[in-house]
file start_20.cif (mmCIF, N, CA and C atoms and all ligand atoms)
data_work
#
loop_
_atom_site.label_atom_id
_atom_site.label_comp_id
_atom_site.auth_asym_id
_atom_site.auth_seq_id
_atom_site.Cartn_x
_atom_site.Cartn_y
_atom_site.Cartn_z
N MET A 1 0.85 -1.20 0.00
CA MET A 1 0.00 0.00 0.00
C MET A 1 0.88 1.25 0.00
N ASN A 2 0.59 2.19 -0.91
CA ASN A 2 1.41 3.41 -0.95
C ASN A 2 0.82 4.50 -0.05
N LYS A 3 1.54 5.64 0.03
CA LYS A 3 1.10 6.66 0.98
C LYS A 3 -0.25 7.25 0.62
N GLU A 4 -0.52 7.39 -0.69
CA GLU A 4 -1.82 7.94 -1.11
C GLU A 4 -2.97 7.02 -0.65
N GLU A 5 -2.73 5.72 -0.76
CA GLU A 5 -3.78 4.78 -0.33
C GLU A 5 -3.98 4.81 1.18
N LEU A 6 -2.88 4.96 1.92
CA LEU A 6 -3.00 5.02 3.37
C LEU A 6 -3.73 6.31 3.79
N ILE A 7 -3.45 7.38 3.09
CA ILE A 7 -4.14 8.65 3.37
C ILE A 7 -5.64 8.50 3.09
N GLN A 8 -5.97 7.78 2.04
CA GLN A 8 -7.40 7.51 1.76
C GLN A 8 -8.05 6.76 2.91
N LYS A 9 -7.33 5.82 3.49
CA LYS A 9 -7.87 5.07 4.65
C LYS A 9 -8.11 6.02 5.81
N ALA A 10 -7.21 6.96 6.00
CA ALA A 10 -7.39 7.94 7.10
C ALA A 10 -8.60 8.83 6.82
N ILE A 11 -8.79 9.18 5.55
CA ILE A 11 -9.97 9.99 5.18
C ILE A 11 -11.25 9.20 5.49
N GLN A 12 -11.25 7.92 5.14
CA GLN A 12 -12.43 7.08 5.44
C GLN A 12 -12.65 6.95 6.94
N ALA A 13 -11.55 6.88 7.70
CA ALA A 13 -11.66 6.73 9.16
C ALA A 13 -12.38 7.92 9.78
N ARG A 14 -12.30 9.08 9.13
CA ARG A 14 -12.99 10.27 9.66
C ARG A 14 -14.50 10.02 9.79
N ASP A 15 -15.03 9.13 8.96
CA ASP A 15 -16.48 8.84 9.03
C ASP A 15 -16.87 8.22 10.37
N ASN A 16 -15.91 7.63 11.06
CA ASN A 16 -16.22 6.97 12.34
C ASN A 16 -16.03 7.90 13.54
N ALA A 17 -15.61 9.12 13.29
CA ALA A 17 -15.37 10.04 14.40
C ALA A 17 -16.68 10.31 15.16
N TYR A 18 -16.55 10.48 16.46
CA TYR A 18 -17.69 10.86 17.30
C TYR A 18 -17.41 12.27 17.80
N THR A 19 -17.99 13.26 17.12
CA THR A 19 -17.62 14.66 17.37
C THR A 19 -18.85 15.56 17.54
N PRO A 20 -19.72 15.23 18.51
CA PRO A 20 -20.91 16.06 18.68
C PRO A 20 -20.58 17.49 19.11
N TYR A 21 -19.40 17.72 19.66
CA TYR A 21 -19.05 19.04 20.21
C TYR A 21 -18.28 19.88 19.20
N SER A 22 -17.19 19.36 18.68
CA SER A 22 -16.39 20.16 17.74
C SER A 22 -16.86 20.02 16.30
N LYS A 23 -17.48 18.92 15.97
CA LYS A 23 -17.83 18.59 14.56
C LYS A 23 -16.58 18.58 13.67
N PHE A 24 -15.44 18.40 14.28
CA PHE A 24 -14.18 18.39 13.54
C PHE A 24 -13.66 16.94 13.51
N ASN A 25 -13.86 16.30 12.36
CA ASN A 25 -13.53 14.87 12.27
C ASN A 25 -12.08 14.67 11.83
N VAL A 26 -11.39 13.82 12.55
CA VAL A 26 -10.00 13.49 12.21
C VAL A 26 -9.90 11.97 12.05
N GLY A 27 -9.12 11.55 11.09
CA GLY A 27 -8.90 10.13 10.88
C GLY A 27 -7.41 9.81 10.86
N CYS A 28 -7.11 8.61 11.30
CA CYS A 28 -5.71 8.17 11.31
C CYS A 28 -5.67 6.73 10.81
N ALA A 29 -4.67 6.40 10.03
CA ALA A 29 -4.50 5.02 9.54
C ALA A 29 -3.05 4.61 9.71
N LEU A 30 -2.86 3.43 10.25
CA LEU A 30 -1.52 2.88 10.46
C LEU A 30 -1.31 1.71 9.51
N LEU A 31 -0.16 1.72 8.82
CA LEU A 31 0.20 0.56 7.99
C LEU A 31 1.18 -0.29 8.78
N LEU A 32 0.82 -1.55 8.99
CA LEU A 32 1.66 -2.47 9.75
C LEU A 32 2.54 -3.30 8.82
N LYS A 33 3.60 -3.82 9.40
CA LYS A 33 4.56 -4.63 8.62
C LYS A 33 3.91 -5.83 7.96
N ASP A 34 2.88 -6.39 8.58
CA ASP A 34 2.21 -7.56 8.00
C ASP A 34 1.21 -7.18 6.91
N GLY A 35 1.17 -5.88 6.57
CA GLY A 35 0.30 -5.43 5.49
C GLY A 35 -1.07 -4.97 5.94
N SER A 36 -1.39 -5.21 7.21
CA SER A 36 -2.72 -4.79 7.66
C SER A 36 -2.74 -3.30 7.99
N VAL A 37 -3.93 -2.76 8.01
CA VAL A 37 -4.14 -1.33 8.30
C VAL A 37 -5.07 -1.23 9.50
N ILE A 38 -4.69 -0.39 10.44
CA ILE A 38 -5.54 -0.13 11.61
C ILE A 38 -5.91 1.34 11.60
N ILE A 39 -7.21 1.60 11.76
CA ILE A 39 -7.66 2.99 11.71
C ILE A 39 -8.11 3.48 13.08
N GLY A 40 -8.16 4.79 13.23
CA GLY A 40 -8.68 5.40 14.45
C GLY A 40 -9.32 6.72 14.10
N ALA A 41 -10.25 7.15 14.93
CA ALA A 41 -10.91 8.45 14.75
C ALA A 41 -10.99 9.14 16.10
N ASN A 42 -11.27 10.43 16.09
CA ASN A 42 -11.39 11.12 17.38
C ASN A 42 -12.75 10.84 18.01
N ILE A 43 -12.71 10.60 19.31
CA ILE A 43 -13.91 10.25 20.08
C ILE A 43 -14.03 11.26 21.21
N GLU A 44 -15.06 12.10 21.11
CA GLU A 44 -15.20 13.18 22.09
C GLU A 44 -16.06 12.76 23.28
N ASN A 45 -16.09 13.66 24.27
CA ASN A 45 -16.86 13.40 25.49
C ASN A 45 -17.43 14.72 26.01
N ALA A 46 -18.57 14.64 26.67
CA ALA A 46 -19.19 15.85 27.26
C ALA A 46 -18.23 16.48 28.27
N SER A 47 -17.40 15.67 28.90
CA SER A 47 -16.29 16.20 29.70
C SER A 47 -15.13 16.34 28.72
N TYR A 48 -15.03 17.52 28.10
CA TYR A 48 -14.22 17.70 26.88
C TYR A 48 -12.80 17.13 26.97
N GLY A 49 -12.20 17.29 28.14
CA GLY A 49 -10.80 16.88 28.28
C GLY A 49 -10.59 15.39 28.13
N LEU A 50 -11.66 14.63 28.17
CA LEU A 50 -11.52 13.17 28.03
C LEU A 50 -11.53 12.72 26.58
N THR A 51 -11.62 13.67 25.68
CA THR A 51 -11.60 13.36 24.25
C THR A 51 -10.34 12.59 23.87
N ASN A 52 -10.51 11.60 23.02
CA ASN A 52 -9.35 10.86 22.49
C ASN A 52 -9.17 11.25 21.02
N CYS A 53 -8.00 11.73 20.70
CA CYS A 53 -7.73 12.11 19.31
C CYS A 53 -7.61 10.87 18.42
N ALA A 54 -7.72 11.10 17.13
CA ALA A 54 -7.64 10.02 16.15
C ALA A 54 -6.31 9.27 16.24
N GLU A 55 -5.24 10.02 16.45
CA GLU A 55 -3.90 9.41 16.48
C GLU A 55 -3.79 8.41 17.63
N ARG A 56 -4.28 8.86 18.81
CA ARG A 56 -4.20 7.96 19.96
C ARG A 56 -5.17 6.80 19.81
N SER A 57 -6.34 7.04 19.24
CA SER A 57 -7.29 5.93 19.02
C SER A 57 -6.64 4.85 18.16
N ALA A 58 -5.97 5.26 17.10
CA ALA A 58 -5.36 4.27 16.18
C ALA A 58 -4.19 3.55 16.86
N LEU A 59 -3.34 4.32 17.53
CA LEU A 59 -2.16 3.68 18.15
C LEU A 59 -2.59 2.75 19.29
N PHE A 60 -3.56 3.16 20.08
CA PHE A 60 -4.01 2.29 21.18
C PHE A 60 -4.68 1.03 20.62
N ALA A 61 -5.40 1.18 19.52
CA ALA A 61 -6.02 0.00 18.89
C ALA A 61 -4.94 -0.98 18.42
N ALA A 62 -3.88 -0.43 17.81
CA ALA A 62 -2.80 -1.30 17.32
C ALA A 62 -2.12 -2.02 18.50
N TYR A 63 -1.78 -1.26 19.53
CA TYR A 63 -1.13 -1.88 20.69
C TYR A 63 -2.06 -2.90 21.35
N SER A 64 -3.36 -2.61 21.37
CA SER A 64 -4.32 -3.55 21.98
C SER A 64 -4.38 -4.86 21.23
N LYS A 65 -4.03 -4.81 19.93
CA LYS A 65 -3.99 -6.04 19.14
C LYS A 65 -2.64 -6.73 19.26
N GLY A 66 -1.71 -6.14 19.98
CA GLY A 66 -0.41 -6.78 20.19
C GLY A 66 0.71 -6.22 19.35
N TYR A 67 0.41 -5.28 18.44
CA TYR A 67 1.47 -4.68 17.64
C TYR A 67 2.30 -3.75 18.52
N ARG A 68 3.56 -3.56 18.12
CA ARG A 68 4.46 -2.70 18.86
C ARG A 68 5.20 -1.78 17.89
N GLN A 69 5.95 -0.81 18.46
CA GLN A 69 6.72 0.19 17.69
C GLN A 69 7.20 -0.25 16.33
N ASP A 70 7.99 -1.34 16.34
CA ASP A 70 8.67 -1.75 15.11
C ASP A 70 7.74 -2.35 14.07
N ASP A 71 6.48 -2.61 14.45
CA ASP A 71 5.51 -3.15 13.50
C ASP A 71 4.86 -2.06 12.67
N ILE A 72 5.05 -0.79 13.09
CA ILE A 72 4.31 0.30 12.45
C ILE A 72 5.19 0.98 11.39
N LEU A 73 4.88 0.72 10.13
CA LEU A 73 5.68 1.26 9.03
C LEU A 73 5.37 2.72 8.78
N SER A 74 4.09 3.05 8.80
CA SER A 74 3.71 4.43 8.49
C SER A 74 2.37 4.77 9.11
N MET A 75 2.14 6.06 9.17
CA MET A 75 0.97 6.59 9.88
C MET A 75 0.45 7.78 9.08
N ALA A 76 -0.83 7.77 8.73
CA ALA A 76 -1.41 8.91 8.00
C ALA A 76 -2.47 9.56 8.89
N ILE A 77 -2.47 10.89 8.90
CA ILE A 77 -3.41 11.64 9.74
C ILE A 77 -4.08 12.69 8.85
N VAL A 78 -5.41 12.74 8.91
CA VAL A 78 -6.14 13.68 8.04
C VAL A 78 -7.25 14.39 8.81
N GLY A 79 -7.30 15.71 8.65
CA GLY A 79 -8.42 16.51 9.14
C GLY A 79 -8.77 17.52 8.06
N ASP A 80 -9.91 18.16 8.22
CA ASP A 80 -10.33 19.14 7.20
C ASP A 80 -9.72 20.50 7.54
N THR A 81 -8.42 20.58 7.39
CA THR A 81 -7.67 21.79 7.75
C THR A 81 -7.23 22.53 6.49
N ASP A 82 -6.88 23.80 6.63
CA ASP A 82 -6.45 24.60 5.48
C ASP A 82 -5.14 24.08 4.91
N LYS A 83 -4.19 23.79 5.83
CA LYS A 83 -2.95 23.13 5.38
C LYS A 83 -2.93 21.76 6.03
N PHE A 84 -1.85 21.01 5.88
CA PHE A 84 -1.79 19.67 6.49
C PHE A 84 -2.07 19.77 8.00
N ILE A 85 -2.64 18.71 8.56
CA ILE A 85 -3.02 18.74 9.97
C ILE A 85 -1.79 18.72 10.87
N SER A 86 -1.92 19.33 12.03
CA SER A 86 -0.82 19.39 13.00
C SER A 86 -1.28 18.71 14.29
N PRO A 87 -0.73 17.54 14.61
CA PRO A 87 -1.17 16.81 15.80
C PRO A 87 -0.97 17.60 17.09
N CYS A 88 -1.84 17.38 18.05
CA CYS A 88 -1.76 18.10 19.34
C CYS A 88 -0.56 17.61 20.14
N GLY A 89 -0.23 18.36 21.18
CA GLY A 89 0.93 18.03 22.01
C GLY A 89 0.82 16.67 22.68
N ALA A 90 -0.37 16.34 23.17
CA ALA A 90 -0.55 15.04 23.84
C ALA A 90 -0.27 13.91 22.86
N CYS A 91 -0.78 14.04 21.64
CA CYS A 91 -0.55 12.98 20.66
C CYS A 91 0.92 12.90 20.26
N ARG A 92 1.58 14.04 20.19
CA ARG A 92 3.02 14.00 19.86
C ARG A 92 3.79 13.20 20.89
N GLN A 93 3.45 13.38 22.16
CA GLN A 93 4.12 12.62 23.22
C GLN A 93 3.83 11.13 23.07
N VAL A 94 2.58 10.79 22.80
CA VAL A 94 2.23 9.37 22.65
C VAL A 94 2.88 8.78 21.40
N ILE A 95 2.86 9.54 20.30
CA ILE A 95 3.51 9.07 19.07
C ILE A 95 4.99 8.82 19.34
N SER A 96 5.62 9.71 20.10
CA SER A 96 7.07 9.59 20.31
C SER A 96 7.42 8.30 21.03
N GLU A 97 6.50 7.79 21.84
CA GLU A 97 6.79 6.53 22.54
C GLU A 97 6.34 5.30 21.74
N LEU A 98 5.29 5.43 20.95
CA LEU A 98 4.67 4.22 20.38
C LEU A 98 5.04 3.91 18.93
N VAL A 99 5.76 4.81 18.25
CA VAL A 99 6.28 4.45 16.92
C VAL A 99 7.81 4.58 16.96
N ASN A 100 8.48 4.07 15.94
CA ASN A 100 9.93 4.21 15.95
C ASN A 100 10.37 5.36 15.03
N GLU A 101 11.68 5.63 15.05
CA GLU A 101 12.16 6.82 14.31
C GLU A 101 12.01 6.66 12.79
N LYS A 102 11.88 5.40 12.35
CA LYS A 102 11.74 5.17 10.90
C LYS A 102 10.29 5.22 10.43
N THR A 103 9.36 5.22 11.36
CA THR A 103 7.95 5.28 10.96
C THR A 103 7.68 6.58 10.21
N ALA A 104 7.18 6.48 8.99
CA ALA A 104 6.85 7.67 8.20
C ALA A 104 5.49 8.18 8.66
N ILE A 105 5.44 9.48 8.97
CA ILE A 105 4.19 10.08 9.45
C ILE A 105 3.72 11.08 8.40
N TYR A 106 2.57 10.82 7.79
CA TYR A 106 2.02 11.67 6.74
C TYR A 106 0.94 12.56 7.33
N LEU A 107 1.18 13.86 7.32
CA LEU A 107 0.19 14.83 7.79
C LEU A 107 -0.50 15.38 6.56
N SER A 108 -1.83 15.24 6.52
CA SER A 108 -2.51 15.65 5.30
C SER A 108 -3.85 16.31 5.61
N ASN A 109 -4.59 16.64 4.56
CA ASN A 109 -5.93 17.22 4.70
C ASN A 109 -6.77 16.77 3.52
N LEU A 110 -7.90 17.43 3.29
CA LEU A 110 -8.79 16.99 2.20
C LEU A 110 -8.43 17.62 0.86
N ASN A 111 -7.39 18.47 0.87
CA ASN A 111 -6.96 19.13 -0.38
C ASN A 111 -5.64 18.59 -0.90
N ASN A 112 -5.26 17.41 -0.42
CA ASN A 112 -4.01 16.78 -0.87
C ASN A 112 -2.75 17.51 -0.41
N ASP A 113 -2.85 18.41 0.57
CA ASP A 113 -1.62 18.94 1.15
C ASP A 113 -0.96 17.81 1.94
N LEU A 114 0.35 17.77 1.89
CA LEU A 114 1.03 16.65 2.55
C LEU A 114 2.37 17.11 3.12
N LYS A 115 2.60 16.75 4.38
CA LYS A 115 3.93 16.93 4.96
C LYS A 115 4.33 15.60 5.57
N GLU A 116 5.54 15.16 5.23
CA GLU A 116 6.03 13.88 5.72
C GLU A 116 7.07 14.14 6.81
N VAL A 117 6.85 13.59 7.99
CA VAL A 117 7.75 13.83 9.12
C VAL A 117 8.03 12.52 9.83
N ASN A 118 8.93 12.61 10.83
CA ASN A 118 9.10 11.47 11.73
C ASN A 118 8.82 11.95 13.15
N LYS A 119 8.92 11.03 14.10
CA LYS A 119 8.51 11.39 15.46
C LYS A 119 9.40 12.48 16.07
N HIS A 120 10.67 12.53 15.66
CA HIS A 120 11.56 13.56 16.22
C HIS A 120 11.23 14.95 15.68
N ASP A 121 10.76 14.99 14.43
CA ASP A 121 10.32 16.28 13.89
C ASP A 121 9.14 16.81 14.71
N LEU A 122 8.25 15.89 15.07
CA LEU A 122 7.04 16.31 15.78
C LEU A 122 7.33 16.72 17.22
N LEU A 123 8.27 16.01 17.86
CA LEU A 123 8.54 16.32 19.27
C LEU A 123 10.01 16.10 19.61
N PRO A 124 10.84 17.10 19.28
CA PRO A 124 12.24 16.99 19.70
C PRO A 124 12.34 17.07 21.22
N PHE A 125 13.37 16.48 21.78
CA PHE A 125 13.61 16.50 23.23
C PHE A 125 12.43 15.92 24.02
N SER A 126 11.79 14.88 23.49
CA SER A 126 10.61 14.33 24.17
C SER A 126 11.01 13.68 25.49
N PHE A 127 10.07 13.61 26.39
CA PHE A 127 10.27 12.89 27.66
C PHE A 127 10.14 11.40 27.38
N THR A 128 11.15 10.62 27.79
CA THR A 128 11.11 9.18 27.53
C THR A 128 11.42 8.40 28.80
N ASN A 129 11.32 7.08 28.69
CA ASN A 129 11.64 6.22 29.85
C ASN A 129 13.07 6.43 30.33
N LYS A 130 13.97 6.81 29.40
CA LYS A 130 15.37 7.03 29.79
C LYS A 130 15.51 8.20 30.76
N ASP A 131 14.59 9.14 30.67
CA ASP A 131 14.65 10.30 31.57
C ASP A 131 14.35 9.93 33.01
N MET A 132 13.84 8.73 33.22
CA MET A 132 13.52 8.31 34.58
C MET A 132 14.63 7.48 35.20
N GLU A 133 15.72 7.25 34.39
CA GLU A 133 16.85 6.47 34.92
C GLU A 133 17.85 7.40 35.55
N LYS A 134 18.46 6.96 36.63
CA LYS A 134 19.49 7.80 37.30
C LYS A 134 20.86 7.26 36.98
N1 LIG A 201 -8.06 16.20 17.07
C1 LIG A 201 -7.54 15.00 16.64
O1 LIG A 201 -8.22 13.96 16.73
N2 LIG A 201 -6.29 14.99 16.12
C2 LIG A 201 -5.54 16.10 15.87
O2 LIG A 201 -4.44 15.98 15.34
C3 LIG A 201 -6.06 17.43 16.24
C4 LIG A 201 -7.30 17.43 17.05
C5 LIG A 201 -9.44 16.24 17.54
C6 LIG A 201 -9.67 16.45 19.01
C7 LIG A 201 -11.08 17.01 19.01
O3 LIG A 201 -12.01 15.95 18.94
C8 LIG A 201 -11.17 17.78 17.70
O4 LIG A 201 -10.13 17.28 16.89
C9 LIG A 201 -11.02 19.28 17.87
O5 LIG A 201 -9.89 19.60 18.61
#
call {"tool": "encode", "arguments": {"input": "start_20.cif", "output": "structure tokens"}}
result
Amino acid sequence: MNKEELIQKAIQARDNAYTPYSKFNVGCALLLKDGSVIIGANIENASYGLTNCAERSALFAAYSKGYRQDDILSMAIVGDTDKFISPCGACRQVISELVNEKTAIYLSNLNNDLKEVNKHDLLPFSFTNKDMEK
């Protein structure tokens, strides 16, 4: 599967978003080494802070199925933004722990804007498990 096809999967994932408050649907699609694709969408809550973004929904779904960092080849994220979507800070922290440095991250929108980054581009100097070692 190429990046355009993975981005299409993320666009389709937006249909599953639960966004009664923001009405802003985001989709995420992960391509795994075994060829499978796992999708996620943002799931909101009346207690707004409990909202789960599309990126975390997809990554938690993958981990729940037993996949780990090195299984995730690429990640596509799509929202209806003017330019490519920019993941929130919480998702950047989660992405930095749950994918590896080689995972290609495609930030896109509905107008075919595309920026390709890796986890270090999204969150340099991230807090990691190593920071807890003395
Ligand atoms: N959201 C995501 O799911 N991913 C992003 O990268 C940006 C923001 C969601 C959270 C909330 O449901 C809505 O978009 C508006 O912030």
call {"tool": "residues_near_ligand", "arguments": {"input": "start_20.cif", "ligand": "ligand LIG 201 (chain A)", "cutoff": "8 Å", "atoms": "all atoms listed in the file", "output": "PyMOL selection string"}}
result
chain A and resi 18-28+40-45+51-57+77-79+85-89+91-92
call {"tool": "select_by_dssp", "arguments": {"input": "start_20.cif", "residues": "chain A", "states": "strand (DSSP E or B)", "output": "ChimeraX atom specification"}}
result
/A:18,26-32,37-41,43,52,72-79,104-108,114-117
call {"tool": "write_last_selection", "arguments": {"input": "start_20.cif", "atoms": "N, CA and C atoms", "output": "mmCIF file, in the frame of the given file"}}
result
data_model
loop_
_atom_site.group_PDB
_atom_site.id
_atom_site.type_symbol
_atom_site.label_atom_id
_atom_site.label_comp_id
_atom_site.auth_asym_id
_atom_site.auth_seq_id
_atom_site.Cartn_x
_atom_site.Cartn_y
_atom_site.Cartn_z
ATOM 1 N N TYR A 18 -16.550 10.480 16.460
ATOM 2 C CA TYR A 18 -17.690 10.860 17.300
ATOM 3 C C TYR A 18 -17.410 12.270 17.800
ATOM 4 N N VAL A 26 -11.390 13.820 12.550
ATOM 5 C CA VAL A 26 -10.000 13.490 12.210
ATOM 6 C C VAL A 26 -9.900 11.970 12.050
ATOM 7 N N GLY A 27 -9.120 11.550 11.090
ATOM 8 C CA GLY A 27 -8.900 10.130 10.880
ATOM 9 C C GLY A 27 -7.410 9.810 10.860
ATOM 10 N N CYS A 28 -7.110 8.610 11.300
ATOM 11 C CA CYS A 28 -5.710 8.170 11.310
ATOM 12 C C CYS A 28 -5.670 6.730 10.810
ATOM 13 N N ALA A 29 -4.670 6.400 10.030
ATOM 14 C CA ALA A 29 -4.500 5.020 9.540
ATOM 15 C C ALA A 29 -3.050 4.610 9.710
ATOM 16 N N LEU A 30 -2.860 3.430 10.250
ATOM 17 C CA LEU A 30 -1.520 2.880 10.460
ATOM 18 C C LEU A 30 -1.310 1.710 9.510
ATOM 19 N N LEU A 31 -0.160 1.720 8.820
ATOM 20 C CA LEU A 31 0.200 0.560 7.990
ATOM 21 C C LEU A 31 1.180 -0.290 8.780
ATOM 22 N N LEU A 32 0.820 -1.550 8.990
ATOM 23 C CA LEU A 32 1.660 -2.470 9.750
ATOM 24 C C LEU A 32 2.540 -3.300 8.820
ATOM 25 N N VAL A 37 -3.930 -2.760 8.010
ATOM 26 C CA VAL A 37 -4.140 -1.330 8.300
ATOM 27 C C VAL A 37 -5.070 -1.230 9.500
ATOM 28 N N ILE A 38 -4.690 -0.390 10.440
ATOM 29 C CA ILE A 38 -5.540 -0.130 11.610
ATOM 30 C C ILE A 38 -5.910 1.340 11.600
ATOM 31 N N ILE A 39 -7.210 1.600 11.760
ATOM 32 C CA ILE A 39 -7.660 2.990 11.710
ATOM 33 C C ILE A 39 -8.110 3.480 13.080
ATOM 34 N N GLY A 40 -8.160 4.790 13.230
ATOM 35 C CA GLY A 40 -8.680 5.400 14.450
ATOM 36 C C GLY A 40 -9.320 6.720 14.100
ATOM 37 N N ALA A 41 -10.250 7.150 14.930
ATOM 38 C CA ALA A 41 -10.910 8.450 14.750
ATOM 39 C C ALA A 41 -10.990 9.140 16.100
ATOM 40 N N ILE A 43 -12.710 10.600 19.310
ATOM 41 C CA ILE A 43 -13.910 10.250 20.080
ATOM 42 C C ILE A 43 -14.030 11.260 21.210
ATOM 43 N N ASN A 52 -10.510 11.600 23.020
ATOM 44 C CA ASN A 52 -9.350 10.860 22.490
ATOM 45 C C ASN A 52 -9.170 11.250 21.020
ATOM 46 N N ILE A 72 5.050 -0.790 13.090
ATOM 47 C CA ILE A 72 4.310 0.300 12.450
ATOM 48 C C ILE A 72 5.190 0.980 11.390
ATOM 49 N N LEU A 73 4.880 0.720 10.130
ATOM 50 C CA LEU A 73 5.680 1.260 9.030
ATOM 51 C C LEU A 73 5.370 2.720 8.780
ATOM 52 N N SER A 74 4.090 3.050 8.800
ATOM 53 C CA SER A 74 3.710 4.430 8.490
ATOM 54 C C SER A 74 2.370 4.770 9.110
ATOM 55 N N MET A 75 2.140 6.060 9.170
ATOM 56 C CA MET A 75 0.970 6.590 9.880
ATOM 57 C C MET A 75 0.450 7.780 9.080
ATOM 58 N N ALA A 76 -0.830 7.770 8.730
ATOM 59 C CA ALA A 76 -1.410 8.910 8.000
ATOM 60 C C ALA A 76 -2.470 9.560 8.890
ATOM 61 N N ILE A 77 -2.470 10.890 8.900
ATOM 62 C CA ILE A 77 -3.410 11.640 9.740
ATOM 63 C C ILE A 77 -4.080 12.690 8.850
ATOM 64 N N VAL A 78 -5.410 12.740 8.910
ATOM 65 C CA VAL A 78 -6.140 13.680 8.040
ATOM 66 C C VAL A 78 -7.250 14.390 8.810
ATOM 67 N N GLY A 79 -7.300 15.710 8.650
ATOM 68 C CA GLY A 79 -8.420 16.510 9.140
ATOM 69 C C GLY A 79 -8.770 17.520 8.060
ATOM 70 N N ALA A 104 7.180 6.480 8.990
ATOM 71 C CA ALA A 104 6.850 7.670 8.200
ATOM 72 C C ALA A 104 5.490 8.180 8.660
ATOM 73 N N ILE A 105 5.440 9.480 8.970
ATOM 74 C CA ILE A 105 4.190 10.080 9.450
ATOM 75 C C ILE A 105 3.720 11.080 8.400
ATOM 76 N N TYR A 106 2.570 10.820 7.790
ATOM 77 C CA TYR A 106 2.020 11.670 6.740
ATOM 78 C C TYR A 106 0.940 12.560 7.330
ATOM 79 N N LEU A 107 1.180 13.860 7.320
ATOM 80 C CA LEU A 107 0.190 14.830 7.790
ATOM 81 C C LEU A 107 -0.500 15.380 6.560
ATOM 82 N N SER A 108 -1.830 15.240 6.520
ATOM 83 C CA SER A 108 -2.510 15.650 5.300
ATOM 84 C C SER A 108 -3.850 16.310 5.610
ATOM 85 N N LEU A 114 0.350 17.770 1.890
ATOM 86 C CA LEU A 114 1.030 16.650 2.550
ATOM 87 C C LEU A 114 2.370 17.110 3.120
ATOM 88 N N LYS A 115 2.600 16.750 4.380
ATOM 89 C CA LYS A 115 3.930 16.930 4.960
ATOM 90 C C LYS A 115 4.330 15.600 5.570
ATOM 91 N N GLU A 116 5.540 15.160 5.230
ATOM 92 C CA GLU A 116 6.030 13.880 5.720
ATOM 93 C C GLU A 116 7.070 14.140 6.810
ATOM 94 N N VAL A 117 6.850 13.590 7.990
ATOM 95 C CA VAL A 117 7.750 13.830 9.120
ATOM 96 C C VAL A 117 8.030 12.520 9.830
#
call {"tool": "atom_distance", "arguments": {"input": "start_20.cif", "atom1": "CA of Gly35 (chain A)", "atom2": "CA of Ile95 (chain A)"}}
result
20.1 Å
call {"tool": "axis_aligned_box", "arguments": {"input": "start_20.cif", "around": "region 127-131 of chain A", "padding_each_side": "4 Å", "output": "JSON"}}
result
{"center_x": 12.8, "center_y": 9.9, "center_z": 29.7, "size_x": 13.4, "size_y": 15.4, "size_z": 14.6}
call {"tool": "residues_around", "arguments": {"input": "start_20.cif", "residues": "region 65-72 of chain A", "least_positions_apart": "5", "cutoff": "6 Å", "atoms": "all atoms listed in the file", "output": "VMD selection string"}}
result
chain A and resid 31 to 33 60 98 to 100 103
call {"tool": "closest_residue", "arguments": {"input": "start_20.cif", "among": "A:Ala62, A:Ala17, A:Val117, A:Met132", "to": "Ser96 (chain A)", "atoms": "only C-alpha atoms"}}
result
A:Val117
call {"tool": "residues_around", "arguments": {"input": "start_20.cif", "residues": "Ile105 (chain A)", "least_positions_apart": "3", "cutoff": "7 Å", "atoms": "only N, CA and C atoms", "output": "list in words"}}
result
Leu73, Ser74, Met75, Ala76, Ile77, Lys102, Lys115, Glu116, Val117, Asn118 and Lys119 of chain A
call {"tool": "atom_distance", "arguments": {"input": "start_20.cif", "atom1": "CA of Ala10 (chain A)", "atom2": "CA of Asp121 (chain A)"}}
result
20.7 Å
call {"tool": "atom_distance", "arguments": {"input": "start_20.cif", "atom1": "atom C of Ile7 (chain A)", "atom2": "atom C of Leu50 (chain A)"}}
result
24.6 Å
call {"tool": "closest_residue", "arguments": {"input": "start_20.cif", "among": "A:Glu97, A:Asp113, A:Asp82, A:Asp34", "to": "Asn129 (chain A)", "atoms": "only C-alpha atoms"}}
result
A:Glu97
call {"tool": "closest_residue", "arguments": {"input": "start_20.cif", "among": "A:Ser126, A:Asn16, A:Gln8, A:Asn111", "to": "Ala29 (chain A)", "atoms": "only C-alpha atoms"}}
result
A:Gln8
call {"tool": "select_by_dssp", "arguments": {"input": "start_20.cif", "residues": "region 3-133 of chain A", "states": "alpha helix (DSSP H)", "output": "number ranges by chain"}}
result
A: 3-13, 54-64, 89-98, 119-122
call {"tool": "closest_residue", "arguments": {"input": "start_20.cif", "among": "A:Phe84, A:Leu59, A:Gln12, A:Gly49", "to": "Leu114 (chain A)", "atoms": "only C-alpha atoms"}}
result
A:Phe84
call {"tool": "closest_residue", "arguments": {"input": "start_20.cif", "among": "A:Lys83, A:Asp15, A:Ser64, A:Leu30", "to": "Ser108 (chain A)", "atoms": "only C-alpha atoms"}}
result
A:Lys83
call {"tool": "closest_residue", "arguments": {"input": "start_20.cif", "among": "A:Tyr48, A:Gln93, A:Asp80, A:Tyr106", "to": "Lys3 (chain A)", "atoms": "all atoms listed in the file"}}
result
A:Tyr106
